[in-house]
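Coordinates as given in target.pdb (PDB, C-alpha atoms):
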```pdb
ATOM      1  CA  MET A 247     -82.435 -36.945 -15.532
ATOM      2  CA  SER A 248     -78.903 -35.884 -14.743
ATOM      3  CA  HIS A 249     -76.004 -36.706 -17.001
ATOM      4  CA  PRO A 250     -72.465 -37.487 -15.918
ATOM      5  CA  PRO A 251     -70.030 -34.642 -16.556
ATOM      6  CA  ALA A 252     -68.253 -34.786 -19.876
ATOM      7  CA  SER A 253     -64.728 -36.112 -19.719
ATOM      8  CA  HIS A 254     -61.980 -33.924 -21.157
ATOM      9  CA  SER A 255     -59.127 -36.298 -20.406
ATOM     10  CA  HIS A 256     -58.921 -37.693 -23.925
ATOM     11  CA  THR A 257     -55.938 -36.376 -25.863
ATOM     12  CA  PRO A 258     -56.248 -36.560 -29.658
ATOM     13  CA  ASP A 259     -53.563 -38.523 -31.450
ATOM     14  CA  CYS A 260     -52.878 -35.640 -33.839
ATOM     15  CA  VAL A 261     -53.548 -31.916 -33.588
ATOM     16  CA  GLU A 262     -53.309 -29.684 -36.642
ATOM     17  CA  LEU A 263     -51.701 -26.326 -35.945
ATOM     18  CA  VAL A 264     -53.301 -23.458 -37.873
ATOM     19  CA  GLY A 265     -52.543 -19.794 -38.434
ATOM     20  CA  ILE A 266     -49.225 -18.548 -37.137
ATOM     21  CA  SER A 267     -49.015 -21.540 -34.784
ATOM     22  CA  ALA A 268     -48.260 -23.693 -37.844
ATOM     23  CA  ASP A 269     -44.878 -21.925 -38.019
ATOM     24  CA  PHE A 270     -43.920 -23.285 -34.604
ATOM     25  CA  THR A 271     -43.180 -26.766 -33.336
ATOM     26  CA  PRO A 272     -45.475 -28.183 -30.614
ATOM     27  CA  ILE A 273     -42.718 -27.575 -28.040
ATOM     28  CA  GLU A 274     -42.447 -23.943 -29.162
ATOM     29  CA  VAL A 275     -46.227 -23.504 -28.898
ATOM     30  CA  GLU A 276     -45.959 -24.794 -25.333
ATOM     31  CA  GLY A 277     -43.200 -22.260 -24.758
ATOM     32  CA  LEU A 278     -45.359 -19.426 -26.107
ATOM     33  CA  VAL A 279     -48.245 -20.400 -23.815
ATOM     34  CA  ARG A 280     -45.942 -20.364 -20.800
ATOM     35  CA  THR A 281     -44.415 -17.079 -21.952
ATOM     36  CA  ALA A 282     -47.865 -15.476 -22.100
ATOM     37  CA  VAL A 283     -48.679 -16.656 -18.564
ATOM     38  CA  ASP A 284     -45.304 -15.530 -17.222
ATOM     39  CA  ALA A 285     -45.683 -12.132 -18.908
ATOM     40  CA  LEU A 286     -49.181 -11.528 -17.537
ATOM     41  CA  TYR A 287     -48.822 -12.918 -14.042
ATOM     42  CA  GLY A 288     -45.088 -13.067 -13.359
ATOM     43  CA  ASP A 289     -42.046 -10.844 -13.506
ATOM     44  CA  ARG A 290     -41.221 -10.004 -17.107
ATOM     45  CA  THR A 291     -37.575  -9.464 -16.235
ATOM     46  CA  ASP A 292     -37.335 -13.198 -15.461
ATOM     47  CA  LEU A 293     -38.220 -14.210 -19.034
ATOM     48  CA  SER A 294     -35.398 -16.102 -20.763
ATOM     49  CA  GLU A 295     -33.767 -15.139 -24.054
ATOM     50  CA  ARG A 296     -35.525 -18.133 -25.599
ATOM     51  CA  GLN A 297     -38.919 -16.778 -24.491
ATOM     52  CA  HIS A 298     -38.060 -13.355 -25.929
ATOM     53  CA  GLU A 299     -37.025 -14.969 -29.211
ATOM     54  CA  LEU A 300     -40.266 -16.970 -29.467
ATOM     55  CA  ALA A 301     -42.356 -13.891 -28.690
ATOM     56  CA  GLU A 302     -40.478 -11.864 -31.302
ATOM     57  CA  ARG A 303     -41.094 -14.497 -33.959
ATOM     58  CA  ALA A 304     -44.785 -14.542 -33.097
ATOM     59  CA  ARG A 305     -44.866 -10.721 -33.247
ATOM     60  CA  ILE A 306     -43.324 -10.722 -36.741
ATOM     61  CA  LEU A 307     -45.744 -13.384 -37.977
ATOM     62  CA  MET A 308     -48.740 -11.502 -36.565
ATOM     63  CA  ALA A 309     -47.566  -8.323 -38.281
ATOM     64  CA  GLN A 310     -47.153 -10.175 -41.584
ATOM     65  CA  GLU A 311     -50.591 -11.746 -41.185
ATOM     66  CA  GLY A 312     -52.174  -8.309 -40.738
ATOM     67  CA  GLU A 313     -50.230  -6.594 -43.510
ATOM     68  CA  GLY A 314     -49.932  -9.335 -46.109
ATOM     69  CA  ASP A 315     -46.495 -10.604 -46.977
ATOM     70  CA  GLU A 316     -44.756  -7.297 -46.298
ATOM     71  CA  GLU A 317     -41.918  -7.643 -43.797
ATOM     72  CA  PRO A 318     -42.496  -5.339 -40.799
ATOM     73  CA  ASP A 319     -39.944  -2.606 -40.221
ATOM     74  CA  GLN A 320     -37.262  -4.106 -37.975
ATOM     75  CA  ALA A 321     -37.040  -0.822 -36.063
ATOM     76  CA  ASP A 322     -40.674  -1.177 -35.047
ATOM     77  CA  ILE A 323     -40.390  -4.785 -33.874
ATOM     78  CA  THR A 324     -40.393  -5.215 -30.107
ATOM     79  CA  ASP A 325     -40.106  -8.361 -28.084
ATOM     80  CA  GLY A 326     -43.894  -8.689 -27.941
ATOM     81  CA  ILE A 327     -43.818  -8.430 -24.160
ATOM     82  CA  GLY A 328     -42.672  -4.931 -23.295
ATOM     83  CA  SER A 329     -41.573  -1.802 -25.073
ATOM     84  CA  GLN A 330     -37.887  -2.753 -25.118
ATOM     85  CA  GLN A 331     -36.678  -3.830 -28.562
ATOM     86  CA  VAL A 332     -35.005  -7.230 -28.671
ATOM     87  CA  SER A 333     -31.302  -6.652 -29.256
ATOM     88  CA  ALA A 334     -29.054  -8.570 -31.602
ATOM     89  CA  TYR A 335     -27.260  -9.820 -28.499
ATOM     90  CA  ALA A 336     -30.497 -11.238 -27.040
ATOM     91  CA  ARG A 337     -31.262 -12.968 -30.328
ATOM     92  CA  MET A 338     -27.745 -14.377 -30.397
ATOM     93  CA  ARG A 339     -28.159 -15.719 -26.862
ATOM     94  CA  ALA A 340     -31.506 -17.257 -27.790
ATOM     95  CA  ALA A 341     -29.986 -18.869 -30.878
ATOM     96  CA  HIS A 342     -27.146 -20.254 -28.755
ATOM     97  CA  GLU A 343     -29.634 -21.671 -26.257
ATOM     98  CA  ARG A 344     -31.590 -23.256 -29.090
ATOM     99  CA  LEU A 345     -28.389 -24.751 -30.543
ATOM    100  CA  ASN A 346     -27.534 -26.281 -27.167
ATOM    101  CA  GLU A 347     -30.973 -27.900 -27.004
ATOM    102  CA  GLU A 348     -30.730 -29.276 -30.549
ATOM    103  CA  SER A 349     -27.160 -30.555 -30.172
ATOM    104  CA  ALA A 350     -28.038 -32.347 -26.914
ATOM    105  CA  ALA A 351     -31.001 -33.972 -28.671
ATOM    106  CA  ALA A 352     -28.782 -34.985 -31.604
ATOM    107  CA  GLU A 353     -26.222 -36.512 -29.235
ATOM    108  CA  ALA A 354     -28.945 -38.592 -27.568
ATOM    109  CA  ALA A 355     -30.319 -39.671 -30.965
ATOM    110  CA  PHE A 356     -26.849 -40.703 -32.155
ATOM    111  CA  THR A 357     -26.744 -43.504 -29.584
ATOM    112  CA  ALA A 358     -29.452 -45.393 -31.529
ATOM    113  CA  PRO A 359     -27.350 -46.210 -34.642
ATOM    114  CA  LEU A 360     -24.283 -46.749 -32.448
ATOM    115  CA  ARG A 361     -26.142 -49.407 -30.455
ATOM    116  CA  GLN A 362     -27.144 -51.118 -33.697
ATOM    117  CA  LEU A 363     -23.623 -50.988 -35.083
ATOM    118  CA  PHE A 364     -21.967 -52.154 -31.852
ATOM    119  CA  PRO A 365     -24.565 -54.230 -29.966
ATOM    120  CA  GLU A 366     -22.066 -55.670 -27.489
ATOM    121  CA  ALA A 367     -20.630 -52.285 -26.488
ATOM    122  CA  ALA A 368     -21.748 -50.276 -23.467
ATOM    123  CA  HIS A 369     -19.583 -47.223 -24.124
ATOM    124  CA  ILE A 370     -17.557 -45.650 -26.904
ATOM    125  CA  VAL A 371     -14.364 -43.858 -25.919
ATOM    126  CA  LEU A 372     -13.481 -40.789 -27.981
ATOM    127  CA  ASP A 373     -10.216 -39.113 -28.877
ATOM    128  CA  ILE A 374     -10.431 -35.301 -28.821
ATOM    129  CA  THR A 375      -7.464 -33.193 -29.921
ATOM    130  CA  GLU A 376      -7.116 -29.554 -30.962
ATOM    131  CA  ASP A 377      -7.728 -30.529 -34.578
ATOM    132  CA  SER A 378     -10.136 -33.443 -34.555
ATOM    133  CA  VAL A 379     -12.596 -35.662 -32.727
ATOM    134  CA  ALA A 380     -12.699 -39.390 -33.476
ATOM    135  CA  LEU A 381     -13.900 -42.693 -32.091
ATOM    136  CA  ARG A 382     -11.086 -44.512 -30.280
ATOM    137  CA  ARG A 383     -12.569 -47.797 -29.063
ATOM    138  CA  THR A 384     -15.711 -49.532 -27.847
ATOM    139  CA  VAL A 385     -15.764 -51.009 -24.363
ATOM    140  CA  SER A 386     -18.019 -53.447 -22.569
ATOM    141  CA  ALA A 387     -19.946 -52.817 -19.368
ATOM    142  CA  ASP A 388     -16.925 -53.979 -17.348
ATOM    143  CA  GLY A 389     -14.471 -51.776 -19.254
ATOM    144  CA  SER A 390     -12.965 -54.416 -21.550
ATOM    145  CA  THR A 391     -11.948 -53.165 -24.993
ATOM    146  CA  LEU A 392     -14.071 -54.761 -27.725
ATOM    147  CA  ARG A 393     -13.000 -52.845 -30.829
ATOM    148  CA  THR A 394     -10.354 -50.292 -31.711
ATOM    149  CA  PHE A 395     -11.090 -47.755 -34.441
ATOM    150  CA  TYR A 396      -8.602 -46.842 -37.134
ATOM    151  CA  GLY A 397     -10.883 -44.629 -39.254
ATOM    152  CA  VAL A 398     -10.807 -46.895 -42.301
ATOM    153  CA  GLY A 399     -13.000 -49.865 -41.411
ATOM    154  CA  GLN A 400     -16.308 -50.824 -42.954
ATOM    155  CA  LEU A 401     -19.287 -51.349 -40.669
ATOM    156  CA  PRO A 402     -22.501 -53.379 -41.067
ATOM    157  CA  ALA A 403     -25.524 -51.760 -42.638
ATOM    158  CA  VAL A 404     -28.217 -50.163 -40.483
ATOM    159  CA  PRO A 405     -31.949 -49.997 -41.307
ATOM    160  CA  GLU A 406     -32.720 -47.648 -44.184
ATOM    161  CA  ASP A 407     -34.819 -45.256 -42.082
ATOM    162  CA  VAL A 408     -31.939 -44.903 -39.618
ATOM    163  CA  ALA A 409     -29.419 -44.371 -42.406
ATOM    164  CA  ARG A 410     -31.544 -41.599 -43.953
ATOM    165  CA  THR A 411     -31.607 -39.724 -40.644
ATOM    166  CA  TRP A 412     -27.849 -39.171 -40.774
ATOM    167  CA  LEU A 413     -27.417 -38.264 -44.448
ATOM    168  CA  PRO A 414     -25.151 -37.215 -46.068
ATOM    169  CA  HIS A 415     -22.999 -39.429 -43.842
ATOM    170  CA  ASP A 416     -22.657 -43.134 -44.627
ATOM    171  CA  LEU A 417     -22.964 -44.965 -41.314
ATOM    172  CA  THR A 418     -21.175 -48.014 -42.713
ATOM    173  CA  ASN A 419     -17.963 -45.977 -42.809
ATOM    174  CA  GLU A 420     -15.905 -45.376 -39.663
ATOM    175  CA  THR A 421     -14.835 -41.956 -40.923
ATOM    176  CA  ALA A 422     -18.482 -40.876 -41.173
ATOM    177  CA  LEU A 423     -18.958 -41.623 -37.477
ATOM    178  CA  ASP A 424     -15.912 -39.482 -36.727
ATOM    179  CA  HIS A 425     -17.421 -36.620 -38.724
ATOM    180  CA  ILE A 426     -20.721 -36.808 -36.838
ATOM    181  CA  VAL A 427     -18.941 -36.765 -33.474
ATOM    182  CA  GLN A 428     -16.854 -33.828 -34.708
ATOM    183  CA  GLU A 429     -20.032 -31.942 -35.635
ATOM    184  CA  LEU A 430     -21.579 -32.632 -32.227
ATOM    185  CA  HIS A 431     -18.425 -31.360 -30.543
ATOM    186  CA  GLU A 432     -18.362 -28.199 -32.688
ATOM    187  CA  ALA A 433     -22.041 -27.591 -31.881
ATOM    188  CA  GLY A 434     -21.162 -27.408 -28.198
ATOM    189  CA  VAL A 435     -21.732 -30.942 -26.908
ATOM    190  CA  VAL A 436     -19.493 -31.626 -23.905
ATOM    191  CA  PHE A 437     -18.911 -35.350 -23.573
ATOM    192  CA  ALA A 438     -18.682 -36.850 -20.107
ATOM    193  CA  SER A 439     -15.423 -38.409 -18.903
ATOM    194  CA  LEU A 440     -15.145 -42.191 -18.672
ATOM    195  CA  PRO A 441     -15.363 -43.345 -15.028
ATOM    196  CA  GLU A 442     -12.122 -44.645 -13.551
ATOM    197  CA  GLU A 443     -13.479 -48.171 -13.027
ATOM    198  CA  LEU A 444     -14.070 -48.502 -16.784
ATOM    199  CA  ARG A 445     -10.591 -47.365 -17.823
ATOM    200  CA  ASP A 446      -7.812 -49.540 -19.125
ATOM    201  CA  LEU A 447      -5.071 -48.303 -16.802
ATOM    202  CA  ASP A 448      -2.418 -49.904 -19.004
ATOM    203  CA  GLU A 449      -3.446 -47.430 -21.700
ATOM    204  CA  ASP A 450      -5.474 -44.667 -20.039
ATOM    205  CA  ASP A 451      -4.424 -42.016 -17.557
ATOM    206  CA  ARG A 452      -6.318 -42.567 -14.317
ATOM    207  CA  TYR A 453      -7.214 -38.892 -13.882
ATOM    208  CA  ALA A 454      -7.183 -37.377 -17.392
ATOM    209  CA  TYR A 455     -10.322 -36.263 -19.195
ATOM    210  CA  LEU A 456     -11.356 -39.231 -21.333
ATOM    211  CA  PRO A 457     -14.497 -38.354 -23.310
ATOM    212  CA  TYR A 458     -16.970 -41.095 -24.064
ATOM    213  CA  ILE A 459     -20.520 -41.818 -25.237
ATOM    214  CA  ASP A 460     -22.704 -43.949 -22.969
ATOM    215  CA  LEU A 461     -24.743 -46.400 -25.031
ATOM    216  CA  GLY A 462     -26.810 -47.646 -22.116
ATOM    217  CA  GLU A 463     -27.465 -51.288 -21.363
ATOM    218  CA  THR A 464     -26.183 -53.819 -23.873
ATOM    219  CA  ARG A 465     -28.473 -56.432 -25.380
TER     220      ARG A 465
END
```
Output the structure of this file as C-alpha cells.
Amino acid sequence: MSHPPASHSHTPDCVELVGISADFTPIEVEGLVRTAVDALYGDRTDLSERQHELAERARILMAQEGEGDEEPDQADITDGIGSQQVSAYARMRAAHERLNEESAAAEAAFTAPLRQLFPEAAHIVLDITEDSVALRRTVSADGSTLRTFYGVGQLPAVPEDVARTWLPHDLTNETALDHIVQELHEAGVVFASLPEELRDLDEDDRYAYLPYIDLGETR
C-alpha cells in the first residue's frame, strides 16, 4: 500500500541554534547560508562587506572551537571565502552597514511609543540644528498642528514593557524623546522632509528641508 509523501511545509515555532550558530542571530544565519551559496556558485568579488564580516566571525568561532578558547592569530585570519585577509577598512564598512540597518530598525520601532503618546497625531515635525535635534510639533493627517513641544512637558505613561525598551530614557519626559531622536540622527538616520501639503505655510518655508517622523494612520 502506498503512502502519501511526507509534508515538509510545517515550520516549527522555535528553533534552537547550536554550536557556533548560537553566536549569530537568525537573520545572520540566513546571511551566512546565502554567503556560502554565493561563494560557491557566484562571483566572490560581488560579496558585500557585510557578508565578509559574517564569514570572518564564523571563521574565528570555528578556529576557537577547534583550539579551545585560544584566540586565533589575527594575522592568520582570512575572510573565510578566499585567501585575501579582511582589512580594517572592510570591517569598518561592514560595521557601518550594520549600524545603518540597526538605526533604521530603531527608527521604525520608535513610532510605536510615539503613537501611544500622541494617538491623534499622524506626523511629528522635528527641529534639526547644528547642535541639537528636538521634537517641534505634532500634526494631524491634514497638517493641522495638534501640539507644540517646549522640551519641559510631562507626557502620559506608556505600558511597562514599552517603557523598558527605551531605558534609560523616561518616555513621560519630553526631553527624553528629544534625546532618542538625537541618538537616531547621530546613528545616521536621515529623516524625510514633510510634504508641502502638510506644512503650515504661515510658519514653515514651502521648500526648506523640514524633517519629520511619519506615525502612520491615526486611530
Could you write out as a CSV table (one decimal) with C-alpha atoms, keeping the file's coordinate frame the residues that the PyMOL selection byres ((chain A and resi 383-387) around 8) matches in the shown file?
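Once written, expr.csv looks like this:
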```csv
chain,number,residue,atom,x,y,z
A,364,PHE,CA,-22.0,-52.2,-31.9
A,366,GLU,CA,-22.1,-55.7,-27.5
A,367,ALA,CA,-20.6,-52.3,-26.5
A,368,ALA,CA,-21.7,-50.3,-23.5
A,369,HIS,CA,-19.6,-47.2,-24.1
A,370,ILE,CA,-17.6,-45.6,-26.9
A,371,VAL,CA,-14.4,-43.9,-25.9
A,372,LEU,CA,-13.5,-40.8,-28.0
A,381,LEU,CA,-13.9,-42.7,-32.1
A,382,ARG,CA,-11.1,-44.5,-30.3
A,388,ASP,CA,-16.9,-54.0,-17.3
A,389,GLY,CA,-14.5,-51.8,-19.3
A,390,SER,CA,-13.0,-54.4,-21.6
A,391,THR,CA,-11.9,-53.2,-25.0
A,392,LEU,CA,-14.1,-54.8,-27.7
A,393,ARG,CA,-13.0,-52.8,-30.8
A,394,THR,CA,-10.4,-50.3,-31.7
A,395,PHE,CA,-11.1,-47.8,-34.4
A,444,LEU,CA,-14.1,-48.5,-16.8
A,463,GLU,CA,-27.5,-51.3,-21.4
A,464,THR,CA,-26.2,-53.8,-23.9
```
>> Restricting the calculation to only C-alpha atoms: of A:Val398, A:Val404, A:Ile374, A:Leu286, which residue gets closest to Leu456 in chain A?
In response: A:Ile374
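The environment of Ser294 in chain A within 12 Å, counting all atoms listed in the file and disregarding residues fewer than 2 places along the same chain, consists of Gly277, Leu278, Arg280, Thr281, Asp284, Ala285, Asp289, Arg290, Thr291, Asp292, Arg296, Gln297, His298, Glu299, Leu300, Ala301, Asp325, Ile327, Val332, Ala336, Arg337, Arg339, Ala340, Ala341, Glu343 and Arg344 of chain A.
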>> Need to verify the contact set: Ser349 in chain A, 7 Å, all atoms listed in the file, exclusion of same-chain residues closer than 2 positions in sequence. Can you return it as a PyMOL selection string?
In response: chain A and resi 345-347+351-353+430+433+435
Using the selection just defined, write its residues with C-alpha atoms as a PDB file, in the frame of the given file.
```
ATOM      1  CA  LEU A 345     -28.389 -24.751 -30.543  1.00  0.00           C
ATOM      2  CA  ASN A 346     -27.534 -26.281 -27.167  1.00  0.00           C
ATOM      3  CA  GLU A 347     -30.973 -27.900 -27.004  1.00  0.00           C
ATOM      4  CA  ALA A 351     -31.001 -33.972 -28.671  1.00  0.00           C
ATOM      5  CA  ALA A 352     -28.782 -34.985 -31.604  1.00  0.00           C
ATOM      6  CA  GLU A 353     -26.222 -36.512 -29.235  1.00  0.00           C
ATOM      7  CA  LEU A 430     -21.579 -32.632 -32.227  1.00  0.00           C
ATOM      8  CA  ALA A 433     -22.041 -27.591 -31.881  1.00  0.00           C
ATOM      9  CA  VAL A 435     -21.732 -30.942 -26.908  1.00  0.00           C
TER      10      VAL A 435
END
```
>> For Phe437 in chain A, find every residue with an atom within 7 Å (counting all atoms listed in the file), except residues of its own chain fewer than 4 positions away, and show them as number ranges by chain.
In response: A: 457-459
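Proximity to Gln428 in chain A at 9 Å, evaluated using only C-alpha atoms and with sequence-adjacent residues fewer than 2 positions away removed, yields Ile374, Ser378, Val379, Ala380, Leu423, Asp424, His425, Ile426, Leu430, His431, Glu432 and Ala433 of chain A.
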> Interatomic distance between CA of Asp460 in chain A and CA of Asp416 in chain A?
Replying inline: 21.7 Å
> Suppose you want the space between CA of Glu348 in chain A and CA of Gly434 in chain A; what is it in Å?
Replying inline: 10.0 Å
>> If I take CA of Pro441 in chain A and CA of Gly462 in chain A, how far is one from the other in Å, to one decimal?
In response: 14.1 Å
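Of the residues under consideration (A:Ala334, A:Ile266, A:Leu401, A:Val283), A:Ile266 shows the shortest atom-to-atom contact distance to Met308 in chain A when counting all atoms listed in the file.
Proximity to Val427 in chain A was assessed for A:Thr357, A:Ala454, A:Ser439, A:Glu406 counting only C-alpha atoms; the smallest distance is recorded for A:Thr357.
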>> Which residues are close to Ala409 in chain A, i.e. within 12 Å by all atoms listed in the file, leaving aside same-chain residues fewer than 2 positions away? Reply as a PyMOL selection string.
In response: chain A and resi 356+358-360+362-363+402-407+411-419+422-423
Edge lengths and centre in Å, axis-aligned, range 304-309 of chain A plus 5 Å each side, as JSON:
```
{"center_x": -46.0, "center_y": -11.4, "center_z": -35.7, "size_x": 15.4, "size_y": 16.2, "size_z": 15.2}
```
>> Nearest residue to Gly265 in chain A out of A:Leu461, A:His342, A:Val436, A:Glu311, using only C-alpha atoms?
In response: A:Glu311
Since the input has fewer atoms than a full residue there, write range 339-349 of chain A out with all heavy atoms, as a compact mmCIF listing (two decimals), in the coordinates of the input.
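Generated file (selection-v5.txt):
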```txt
# COMPACT_ATOMS: atom_id res chain seq x y z
N ARG A 339 -28.08 -14.84 -28.03
CA ARG A 339 -28.16 -15.72 -26.86
C ARG A 339 -29.26 -16.75 -27.03
O ARG A 339 -29.10 -17.92 -26.66
CB ARG A 339 -28.41 -14.88 -25.60
CG ARG A 339 -27.26 -14.00 -25.15
CD ARG A 339 -26.17 -14.83 -24.49
NE ARG A 339 -26.68 -15.58 -23.36
CZ ARG A 339 -26.76 -15.09 -22.11
NH1 ARG A 339 -26.36 -13.86 -21.86
NH2 ARG A 339 -27.22 -15.84 -21.13
N ALA A 340 -30.40 -16.32 -27.57
CA ALA A 340 -31.51 -17.26 -27.79
C ALA A 340 -31.13 -18.32 -28.80
O ALA A 340 -31.46 -19.50 -28.64
CB ALA A 340 -32.75 -16.49 -28.25
N ALA A 341 -30.43 -17.90 -29.87
CA ALA A 341 -29.99 -18.87 -30.88
C ALA A 341 -29.00 -19.86 -30.28
O ALA A 341 -29.03 -21.06 -30.58
CB ALA A 341 -29.36 -18.14 -32.07
N HIS A 342 -28.12 -19.38 -29.41
CA HIS A 342 -27.15 -20.25 -28.76
C HIS A 342 -27.86 -21.26 -27.85
O HIS A 342 -27.50 -22.44 -27.82
CB HIS A 342 -26.16 -19.41 -27.95
CG HIS A 342 -25.08 -20.20 -27.29
ND1 HIS A 342 -24.08 -20.83 -28.00
CD2 HIS A 342 -24.85 -20.51 -25.99
CE1 HIS A 342 -23.28 -21.46 -27.18
NE2 HIS A 342 -23.71 -21.29 -25.95
N GLU A 343 -28.86 -20.78 -27.13
CA GLU A 343 -29.63 -21.67 -26.26
C GLU A 343 -30.35 -22.74 -27.07
O GLU A 343 -30.39 -23.91 -26.69
CB GLU A 343 -30.63 -20.85 -25.45
CG GLU A 343 -31.45 -21.64 -24.44
CD GLU A 343 -32.39 -20.77 -23.64
OE1 GLU A 343 -32.11 -19.56 -23.50
OE2 GLU A 343 -33.41 -21.29 -23.15
N ARG A 344 -30.89 -22.31 -28.22
CA ARG A 344 -31.59 -23.26 -29.09
C ARG A 344 -30.61 -24.28 -29.66
O ARG A 344 -30.92 -25.47 -29.77
CB ARG A 344 -32.29 -22.48 -30.21
CG ARG A 344 -33.26 -23.30 -31.03
CD ARG A 344 -34.21 -22.40 -31.82
NE ARG A 344 -33.51 -21.58 -32.78
CZ ARG A 344 -33.33 -20.27 -32.67
NH1 ARG A 344 -33.78 -19.62 -31.60
NH2 ARG A 344 -32.70 -19.58 -33.60
N LEU A 345 -29.41 -23.84 -30.02
CA LEU A 345 -28.39 -24.75 -30.54
C LEU A 345 -27.99 -25.78 -29.49
O LEU A 345 -27.83 -26.96 -29.80
CB LEU A 345 -27.16 -23.97 -31.00
CG LEU A 345 -25.96 -24.80 -31.48
CD1 LEU A 345 -26.34 -25.65 -32.70
CD2 LEU A 345 -24.77 -23.91 -31.81
N ASN A 346 -27.87 -25.34 -28.24
CA ASN A 346 -27.53 -26.28 -27.17
C ASN A 346 -28.60 -27.36 -27.03
O ASN A 346 -28.30 -28.54 -26.83
CB ASN A 346 -27.38 -25.53 -25.84
CG ASN A 346 -26.09 -24.74 -25.77
OD1 ASN A 346 -25.15 -25.00 -26.51
ND2 ASN A 346 -26.04 -23.77 -24.87
N GLU A 347 -29.87 -26.94 -27.12
CA GLU A 347 -30.97 -27.90 -27.00
C GLU A 347 -30.93 -28.90 -28.16
O GLU A 347 -31.09 -30.11 -27.94
CB GLU A 347 -32.31 -27.16 -27.00
CG GLU A 347 -32.54 -26.27 -25.78
CD GLU A 347 -33.77 -25.41 -25.91
OE1 GLU A 347 -34.42 -25.46 -26.99
OE2 GLU A 347 -34.10 -24.68 -24.96
N GLU A 348 -30.73 -28.40 -29.38
CA GLU A 348 -30.73 -29.28 -30.55
C GLU A 348 -29.52 -30.21 -30.56
O GLU A 348 -29.64 -31.38 -30.93
CB GLU A 348 -30.75 -28.43 -31.83
CG GLU A 348 -32.01 -27.59 -32.02
CD GLU A 348 -33.26 -28.41 -32.21
OE1 GLU A 348 -33.15 -29.63 -32.48
OE2 GLU A 348 -34.36 -27.86 -32.08
N SER A 349 -28.36 -29.70 -30.16
CA SER A 349 -27.16 -30.56 -30.17
C SER A 349 -27.25 -31.65 -29.12
O SER A 349 -26.83 -32.78 -29.35
CB SER A 349 -25.90 -29.71 -29.96
OG SER A 349 -25.95 -28.99 -28.74
```
